[in-house]
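This is upload_33.txt (compact mmCIF, C-alpha atoms and all ligand atoms).
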# COMPACT_ATOMS: atom_id res chain seq x y z
CA MET A 30 18.17 -4.82 77.73
CA GLU A 31 20.77 -2.86 79.63
CA ASN A 32 22.48 -6.05 80.85
CA LEU A 33 22.72 -7.43 77.34
CA THR A 34 24.45 -4.28 76.12
CA PRO A 35 27.07 -3.25 78.62
CA SER A 36 28.05 0.37 78.38
CA PHE A 37 31.29 2.04 79.26
CA ILE A 38 31.61 5.45 80.88
CA SER A 39 34.85 7.45 80.75
CA PRO A 40 36.40 9.00 82.76
CA GLN A 41 35.30 6.83 85.68
CA VAL A 42 33.93 9.14 88.34
CA SER A 43 31.62 8.51 91.25
CA SER A 44 29.27 11.02 92.79
CA GLU A 45 31.41 10.65 95.93
CA ASP A 46 34.44 12.12 94.04
CA LEU A 47 32.29 14.98 92.88
CA LYS A 48 30.80 16.29 96.11
CA LEU A 49 30.39 20.07 95.87
CA GLU A 50 30.52 22.42 98.85
CA THR A 51 28.40 25.17 97.37
CA PRO A 52 25.18 24.37 95.51
CA LEU A 53 25.29 25.18 91.80
CA LYS A 54 22.53 27.35 90.40
CA LEU A 55 21.54 25.68 87.14
CA GLY A 56 19.60 27.40 84.40
CA ILE A 57 18.27 24.67 82.13
CA LEU A 58 17.47 25.12 78.43
CA ALA A 59 15.31 22.40 76.84
CA SER A 60 13.22 21.97 73.71
CA GLY A 61 11.62 18.54 73.97
CA SER A 62 10.46 15.73 76.19
CA GLY A 63 12.80 16.66 79.02
CA THR A 64 14.03 13.26 80.17
CA ASN A 65 17.49 14.74 80.74
CA PHE A 66 15.98 17.64 82.67
CA GLU A 67 14.19 15.03 84.80
CA ALA A 68 17.41 13.05 85.38
CA ILE A 69 19.18 16.20 86.63
CA ALA A 70 16.26 17.26 88.82
CA ASP A 71 16.09 13.73 90.21
CA ALA A 72 19.84 13.63 90.98
CA ILE A 73 19.37 16.89 92.92
CA LYS A 74 16.37 15.47 94.77
CA GLN A 75 18.34 12.32 95.68
CA GLN A 76 21.18 14.60 96.90
CA GLU A 77 23.58 13.11 94.37
CA LEU A 78 24.19 16.53 92.82
CA ASN A 79 24.52 19.61 95.03
CA ALA A 80 22.56 22.09 92.94
CA LYS A 81 19.31 23.98 92.54
CA ILE A 82 17.34 24.67 89.37
CA PRO A 83 15.90 28.17 89.84
CA LEU A 84 14.61 28.29 86.25
CA LEU A 85 13.91 26.18 83.17
CA ILE A 86 13.60 27.97 79.84
CA TYR A 87 11.92 26.12 76.96
CA ASN A 88 11.27 27.29 73.41
CA ASN A 89 8.41 25.14 72.13
CA PRO A 90 4.95 25.80 73.60
CA GLN A 91 4.17 22.04 73.41
CA ALA A 92 7.44 20.85 74.97
CA LYS A 93 6.72 18.12 77.51
CA VAL A 94 9.64 19.35 79.61
CA GLN A 95 7.36 22.07 81.00
CA GLU A 96 5.11 19.43 82.64
CA LYS A 97 8.19 17.73 84.10
CA ALA A 98 9.30 21.03 85.67
CA ALA A 99 5.86 21.53 87.17
CA ALA A 100 6.01 18.03 88.70
CA PHE A 101 9.26 19.04 90.45
CA ASN A 102 7.85 22.45 91.43
CA ILE A 103 10.53 24.11 89.31
CA GLU A 104 9.75 27.46 87.74
CA SER A 105 9.69 27.53 83.93
CA LYS A 106 9.38 30.21 81.27
CA LEU A 107 8.64 29.92 77.56
CA LEU A 108 10.84 31.93 75.20
CA ASN A 109 9.44 31.02 71.79
CA HIS A 110 12.29 31.39 69.29
CA ARG A 111 9.76 32.23 66.55
CA HIS A 112 9.13 35.53 68.32
CA PHE A 113 12.75 36.67 68.02
CA LYS A 114 14.18 38.14 64.85
CA ARG A 115 17.77 37.03 65.36
CA ARG A 116 19.43 34.18 67.31
CA GLU A 117 21.30 36.87 69.28
CA ASP A 118 18.02 38.40 70.45
CA LEU A 119 16.79 35.08 71.84
CA ASP A 120 20.14 34.52 73.55
CA GLN A 121 20.05 38.02 75.07
CA ALA A 122 16.59 37.32 76.51
CA ILE A 123 17.93 34.03 77.96
CA VAL A 124 20.94 35.82 79.49
CA ASP A 125 18.75 38.54 81.02
CA LEU A 126 16.41 35.99 82.58
CA PHE A 127 19.12 33.69 83.87
CA LYS A 128 21.13 36.62 85.30
CA SER A 129 18.02 37.86 87.10
CA TYR A 130 17.78 34.39 88.75
CA ASN A 131 21.52 34.43 89.68
CA ILE A 132 22.19 31.38 87.53
CA ASN A 133 25.86 30.38 87.36
CA TRP A 134 25.71 27.33 85.03
CA VAL A 135 23.69 27.01 81.82
CA ILE A 136 22.70 23.44 80.95
CA MET A 137 21.48 22.62 77.46
CA ALA A 138 19.38 19.50 78.03
CA GLY A 139 18.12 18.83 74.51
CA TRP A 140 18.25 22.50 73.44
CA MET A 141 17.72 22.39 69.70
CA ARG A 142 18.91 25.95 68.96
CA ILE A 143 22.31 27.15 67.79
CA VAL A 144 23.82 29.37 70.47
CA THR A 145 25.68 32.62 69.83
CA PRO A 146 28.53 34.57 71.49
CA VAL A 147 25.83 36.48 73.40
CA LEU A 148 25.06 33.42 75.54
CA LEU A 149 28.57 31.91 75.58
CA GLY A 150 30.16 35.28 76.42
CA ALA A 151 27.80 35.88 79.35
CA PHE A 152 28.68 32.51 80.96
CA PRO A 153 32.29 31.81 79.88
CA ASN A 154 33.18 28.09 80.23
CA HIS A 155 29.90 27.62 82.08
CA VAL A 156 27.58 26.39 79.30
CA ILE A 157 27.19 22.60 79.07
CA ASN A 158 25.66 20.55 76.25
CA ILE A 159 24.68 16.91 75.78
CA HIS A 160 24.75 15.17 72.41
CA PRO A 161 23.66 11.62 71.46
CA SER A 162 26.91 10.47 69.82
CA LEU A 163 30.56 9.95 70.67
CA LEU A 164 31.79 13.37 69.59
CA PRO A 165 33.50 14.43 67.41
CA SER A 166 31.54 11.86 65.33
CA PHE A 167 28.01 12.64 64.13
CA LYS A 168 27.54 16.29 65.06
CA GLY A 169 24.31 18.12 64.33
CA ILE A 170 20.79 16.82 63.92
CA LYS A 171 19.79 13.14 63.65
CA ALA A 172 23.00 11.97 65.32
CA VAL A 173 21.50 8.54 66.12
CA GLU A 174 20.39 8.04 62.49
CA GLN A 175 23.83 9.19 61.30
CA ALA A 176 25.52 6.51 63.42
CA LEU A 177 23.18 3.78 62.11
CA GLU A 178 23.74 4.88 58.51
CA ALA A 179 27.52 4.94 58.95
CA GLY A 180 27.42 1.32 60.17
CA VAL A 181 29.53 1.96 63.27
CA LYS A 182 29.23 -0.76 65.91
CA ILE A 183 29.61 1.50 68.93
CA THR A 184 28.10 4.91 69.49
CA GLY A 185 27.05 6.70 72.67
CA CYS A 186 26.66 10.12 74.20
CA THR A 187 28.86 13.05 75.16
CA VAL A 188 28.57 15.85 77.69
CA HIS A 189 30.84 18.79 76.84
CA LEU A 190 31.38 22.49 77.38
CA ALA A 191 29.62 24.36 74.59
CA SER A 192 31.60 26.42 72.10
CA LEU A 193 30.64 28.44 69.03
CA GLU A 194 30.93 25.48 66.67
CA VAL A 195 27.87 23.22 67.02
CA ASP A 196 28.42 20.11 69.20
CA SER A 197 32.07 21.02 69.86
CA GLY A 198 34.06 22.11 72.89
CA PRO A 199 36.03 20.37 75.66
CA ILE A 200 34.61 16.92 76.43
CA LEU A 201 33.68 16.25 80.06
CA LEU A 202 32.29 12.70 80.00
CA GLN A 203 31.29 10.09 77.43
CA ALA A 204 29.40 6.79 77.55
CA ALA A 205 29.79 4.15 74.85
CA VAL A 206 26.73 2.17 73.72
CA PRO A 207 26.99 -0.87 71.38
CA ILE A 208 24.76 -0.91 68.31
CA LEU A 209 22.68 -4.09 67.98
CA GLN A 210 21.88 -5.76 64.67
CA ASP A 211 18.15 -5.00 64.77
CA ASP A 212 18.46 -1.47 66.16
CA THR A 213 16.14 1.25 64.87
CA PRO A 214 16.75 4.93 65.63
CA GLU A 215 14.17 4.59 68.41
CA THR A 216 15.61 1.49 70.14
CA LEU A 217 19.15 2.82 69.90
CA HIS A 218 18.22 6.30 71.12
CA ALA A 219 16.37 4.75 74.09
CA ARG A 220 19.56 2.90 75.15
CA ILE A 221 21.68 6.01 74.62
CA GLN A 222 19.27 7.99 76.79
CA ILE A 223 19.69 5.55 79.69
CA GLN A 224 23.38 6.48 79.61
CA GLU A 225 22.70 10.20 79.12
CA HIS A 226 20.69 10.22 82.32
CA LYS A 227 23.61 8.64 84.21
CA ILE A 228 26.40 10.82 82.89
CA PHE A 229 24.71 14.24 82.77
CA PRO A 230 24.54 14.91 86.55
CA LEU A 231 28.08 13.52 86.98
CA ALA A 232 29.40 15.69 84.15
CA ILE A 233 27.84 18.82 85.66
CA ALA A 234 29.62 18.18 88.96
CA LEU A 235 32.84 17.37 87.09
CA ALA A 236 32.61 20.66 85.19
CA ALA A 237 32.04 22.59 88.42
CA LYS A 238 35.20 21.02 89.88
CA LYS A 239 37.26 21.67 86.74
CA TYR A 240 35.98 25.16 85.95
CA PRO A 241 35.02 26.67 89.33
C1 LIG A 301 18.86 13.96 73.98
O1 LIG A 301 19.06 12.67 73.49
C2 LIG A 301 20.03 14.85 73.66
O2 LIG A 301 21.24 14.17 73.58
C3 LIG A 301 19.65 15.40 72.31
O3 LIG A 301 18.28 15.63 72.41
C4 LIG A 301 17.69 14.65 73.27
C5 LIG A 301 16.76 15.35 74.23
O4 LIG A 301 16.02 14.41 74.96
N1 LIG A 301 20.39 16.61 72.02
C6 LIG A 301 20.86 16.92 70.83
O5 LIG A 301 20.67 16.24 69.83
C7 LIG A 301 21.64 18.24 70.77
N2 LIG A 301 22.46 18.29 69.59
P1 LIG A 301 15.21 14.83 76.25
O6 LIG A 301 14.32 16.01 75.85
O7 LIG A 301 14.39 13.62 76.58
O8 LIG A 301 16.17 15.19 77.33

Show how you would write the structure in this file as structure tokens.
Amino acid sequence: MENLTPSFISPQVSSEDLKLETPLKLGILASGSGTNFEAIADAIKQQELNAKIPLLIYNNPQAKVQEKAAAFNIESKLLNHRHFKRREDLDQAIVDLFKSYNINWVIMAGWMRIVTPVLLGAFPNHVINIHPSLLPSFKGIKAVEQALEAGVKITGCTVHLASLEVDSGPILLQAAVPILQDDTPETLHARIQIQEHKIFPLAIALAAKKYP
């Protein structure tokens, strides 16, 4: 499938260009199945990304990402957003936990919560998000469905620095993915995710170089 639908990644960077002297300490935020978490953890294991993941925070008790963390022997904690009155309170709990683990980069790997100045202010220019579209197109939820409905012929994924506006902020890396005639949200998302898994570790290293 991948060969039939060539993708295009920009800017062109290799892990060789992005070697880091000091390991990054990544705090990962995830809400769902955790395939992006797994791709990052795997890149670290394969020594393609010089980093450690001291802590994963997830917000849904059923999130599969927790099992993925256990498989990598990575510590994880549940912060259920339903137990916090305000978004700021959840973000403050995240900041407190990550600071206590000496985290220096926050990675939103499928984090389906809107973040506030509490989180962004505690890690200025050091919060990274991934989104399944070529931003600034198709922000928000159901980005893959939005692209199919709009009838665009190329979509993709974006890794960017997070800012207060949802799915906005300086773009680090994008991958383009062609839309096929018979695509459903599921088939298209699966091909986008193949690209997400490639660009996310690269984009983290790129961010660390650009915003040390
Ligand atoms: C990913 O496709 C990511 O781009 C998307 O959630 C999925 C999580 O998958 N994020 C957003 O839509 C954020 N606006 P995963 O749990 O398998 O990594």

Practice item. Give me the residues within 7 Å of A:Cys186 as a PyMOL selection string, counting all atoms listed in the file and dropping any in the same chain fewer than 4 places off. Key: chain A and resi 160-163+203-205+221+225

Go ahead and save the residues from that selection, with C-alpha atoms, as an mmCIF file, in the coordinates of the input.
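Okay, this is what ended up in part-v5.cif:
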data_model
loop_
_atom_site.group_PDB
_atom_site.id
_atom_site.type_symbol
_atom_site.label_atom_id
_atom_site.label_comp_id
_atom_site.auth_asym_id
_atom_site.auth_seq_id
_atom_site.Cartn_x
_atom_site.Cartn_y
_atom_site.Cartn_z
ATOM 1 C CA HIS A 160 24.750 15.170 72.410
ATOM 2 C CA PRO A 161 23.660 11.620 71.460
ATOM 3 C CA SER A 162 26.910 10.470 69.820
ATOM 4 C CA LEU A 163 30.560 9.950 70.670
ATOM 5 C CA GLN A 203 31.290 10.090 77.430
ATOM 6 C CA ALA A 204 29.400 6.790 77.550
ATOM 7 C CA ALA A 205 29.790 4.150 74.850
ATOM 8 C CA ILE A 221 21.680 6.010 74.620
ATOM 9 C CA GLU A 225 22.700 10.200 79.120
#

Practice item. Collect all residues with atoms no farther than 9 Å from ligand LIG 301 (chain A), counting all atoms listed in the file, and output them as a VMD selection string. Key: chain A and resid 59 to 68 92 to 94 137 to 142 158 to 162 168 to 173 186 to 188 195 to 196 218 to 219 221 to 222 225 to 226

Practice item. Tell me, as a PyMOL selection string, which residues lie within 7 Å of A:Ala176, counting all atoms listed in the file; anything in the same chain fewer than 5 positions away does not count. Key: chain A and resi 167+181+184

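Going from atom CA of A:Val156 to atom CA of A:His110 covers 18.9 Å.
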
Exercise for review: Using atom CA of A:Leu84 and atom CA of A:Pro199 as the two end points, give the distance in Å to one decimal.
Suggested key: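 The value is 25.2 Å.
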
Check your understanding: When distances are computed from all atoms listed in the file, which of A:Pro230, A:Gly185, A:Pro165, A:Gly150 shows the smallest separation from A:Gly198?
Key ->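 The shortest atom-to-atom distance to A:Gly198 comes from A:Pro165.
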
Check your understanding: For A:Ile38, which residue among A:Leu149, A:Leu235, A:Leu85, A:Val206 is the nearest when counting all atoms listed in the file?
Key ->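 Of the candidates, the smallest distance to A:Ile38 is held by A:Val206.
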
Check your understanding: Can you tell me, as JSON, numbers by chain, what residues are no more than 6 Å from stretch 78-82 of chain A when counting all atoms listed in the file, ignoring any on the same chain fewer than 4 positions away?
Key -> {"A": [49, 52, 53, 54, 55, 72, 73]}

Produce a file of the selected residues containing C-alpha atoms, as a PDB file, in the coordinates of the input.
ATOM      1  CA  LEU A  49      30.390  20.070  95.870  1.00  0.00           C
ATOM      2  CA  PRO A  52      25.180  24.370  95.510  1.00  0.00           C
ATOM      3  CA  LEU A  53      25.290  25.180  91.800  1.00  0.00           C
ATOM      4  CA  LYS A  54      22.530  27.350  90.400  1.00  0.00           C
ATOM      5  CA  LEU A  55      21.540  25.680  87.140  1.00  0.00           C
ATOM      6  CA  ALA A  72      19.840  13.630  90.980  1.00  0.00           C
ATOM      7  CA  ILE A  73      19.370  16.890  92.920  1.00  0.00           C
TER       8      ILE A  73
END

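Residues with any atom within 12 Å of A:Pro83, counting all atoms listed in the file and excluding same-chain neighbours fewer than 4 positions away, are A:Pro52, A:Leu53, A:Lys54, A:Leu55, A:Gly56, A:Ile57, A:Leu58, A:Ala70, A:Ala98, A:Phe101, A:Asn102, A:Ile103, A:Glu104, A:Ser105, A:Lys106, A:Leu126, A:Phe127, A:Lys128, A:Ser129, A:Tyr130, A:Asn131, A:Ile132, A:Asn133, A:Trp134, A:Val135.
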
N, CA and C atoms are needed for stretch 148-163 of chain A; please write them out as a PDB file, in the frame of the given file.
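That gives us selection_11.pdb:
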ATOM      1  N   LEU A 148      25.259  34.335  74.418  1.00  0.00           N
ATOM      2  CA  LEU A 148      25.060  33.420  75.540  1.00  0.00           C
ATOM      3  C   LEU A 148      26.413  32.915  76.072  1.00  0.00           C
ATOM      4  N   LEU A 149      27.283  32.484  75.144  1.00  0.00           N
ATOM      5  CA  LEU A 149      28.570  31.910  75.580  1.00  0.00           C
ATOM      6  C   LEU A 149      29.426  32.951  76.290  1.00  0.00           C
ATOM      7  N   GLY A 150      29.360  34.201  75.822  1.00  0.00           N
ATOM      8  CA  GLY A 150      30.160  35.280  76.420  1.00  0.00           C
ATOM      9  C   GLY A 150      29.640  35.679  77.795  1.00  0.00           C
ATOM     10  N   ALA A 151      28.362  35.484  78.046  1.00  0.00           N
ATOM     11  CA  ALA A 151      27.800  35.880  79.350  1.00  0.00           C
ATOM     12  C   ALA A 151      28.101  34.839  80.430  1.00  0.00           C
ATOM     13  N   PHE A 152      28.369  33.579  79.999  1.00  0.00           N
ATOM     14  CA  PHE A 152      28.680  32.510  80.960  1.00  0.00           C
ATOM     15  C   PHE A 152      29.930  31.761  80.474  1.00  0.00           C
ATOM     16  N   PRO A 153      31.104  32.425  80.476  1.00  0.00           N
ATOM     17  CA  PRO A 153      32.290  31.810  79.880  1.00  0.00           C
ATOM     18  C   PRO A 153      32.644  30.478  80.562  1.00  0.00           C
ATOM     19  N   ASN A 154      32.859  29.447  79.740  1.00  0.00           N
ATOM     20  CA  ASN A 154      33.180  28.090  80.230  1.00  0.00           C
ATOM     21  C   ASN A 154      32.123  27.520  81.159  1.00  0.00           C
ATOM     22  N   HIS A 155      30.947  28.099  81.175  1.00  0.00           N
ATOM     23  CA  HIS A 155      29.900  27.620  82.080  1.00  0.00           C
ATOM     24  C   HIS A 155      28.613  27.287  81.338  1.00  0.00           C
ATOM     25  N   VAL A 156      28.751  26.868  80.068  1.00  0.00           N
ATOM     26  CA  VAL A 156      27.580  26.390  79.300  1.00  0.00           C
ATOM     27  C   VAL A 156      27.878  24.946  78.903  1.00  0.00           C
ATOM     28  N   ILE A 157      26.971  24.039  79.273  1.00  0.00           N
ATOM     29  CA  ILE A 157      27.190  22.600  79.070  1.00  0.00           C
ATOM     30  C   ILE A 157      26.138  22.056  78.105  1.00  0.00           C
ATOM     31  N   ASN A 158      26.577  21.147  77.222  1.00  0.00           N
ATOM     32  CA  ASN A 158      25.660  20.550  76.250  1.00  0.00           C
ATOM     33  C   ASN A 158      25.757  19.027  76.311  1.00  0.00           C
ATOM     34  N   ILE A 159      24.647  18.372  75.936  1.00  0.00           N
ATOM     35  CA  ILE A 159      24.680  16.910  75.780  1.00  0.00           C
ATOM     36  C   ILE A 159      24.327  16.574  74.348  1.00  0.00           C
ATOM     37  N   HIS A 160      24.986  15.545  73.814  1.00  0.00           N
ATOM     38  CA  HIS A 160      24.750  15.170  72.410  1.00  0.00           C
ATOM     39  C   HIS A 160      24.733  13.651  72.302  1.00  0.00           C
ATOM     40  N   PRO A 161      23.791  13.083  71.501  1.00  0.00           N
ATOM     41  CA  PRO A 161      23.660  11.620  71.460  1.00  0.00           C
ATOM     42  C   PRO A 161      24.605  10.937  70.470  1.00  0.00           C
ATOM     43  N   SER A 162      25.904  11.210  70.595  1.00  0.00           N
ATOM     44  CA  SER A 162      26.910  10.470  69.820  1.00  0.00           C
ATOM     45  C   SER A 162      28.227  10.585  70.575  1.00  0.00           C
ATOM     46  N   LEU A 163      29.205   9.804  70.127  1.00  0.00           N
ATOM     47  CA  LEU A 163      30.560   9.950  70.670  1.00  0.00           C
ATOM     48  C   LEU A 163      31.247  11.027  69.856  1.00  0.00           C
TER      49      LEU A 163
END
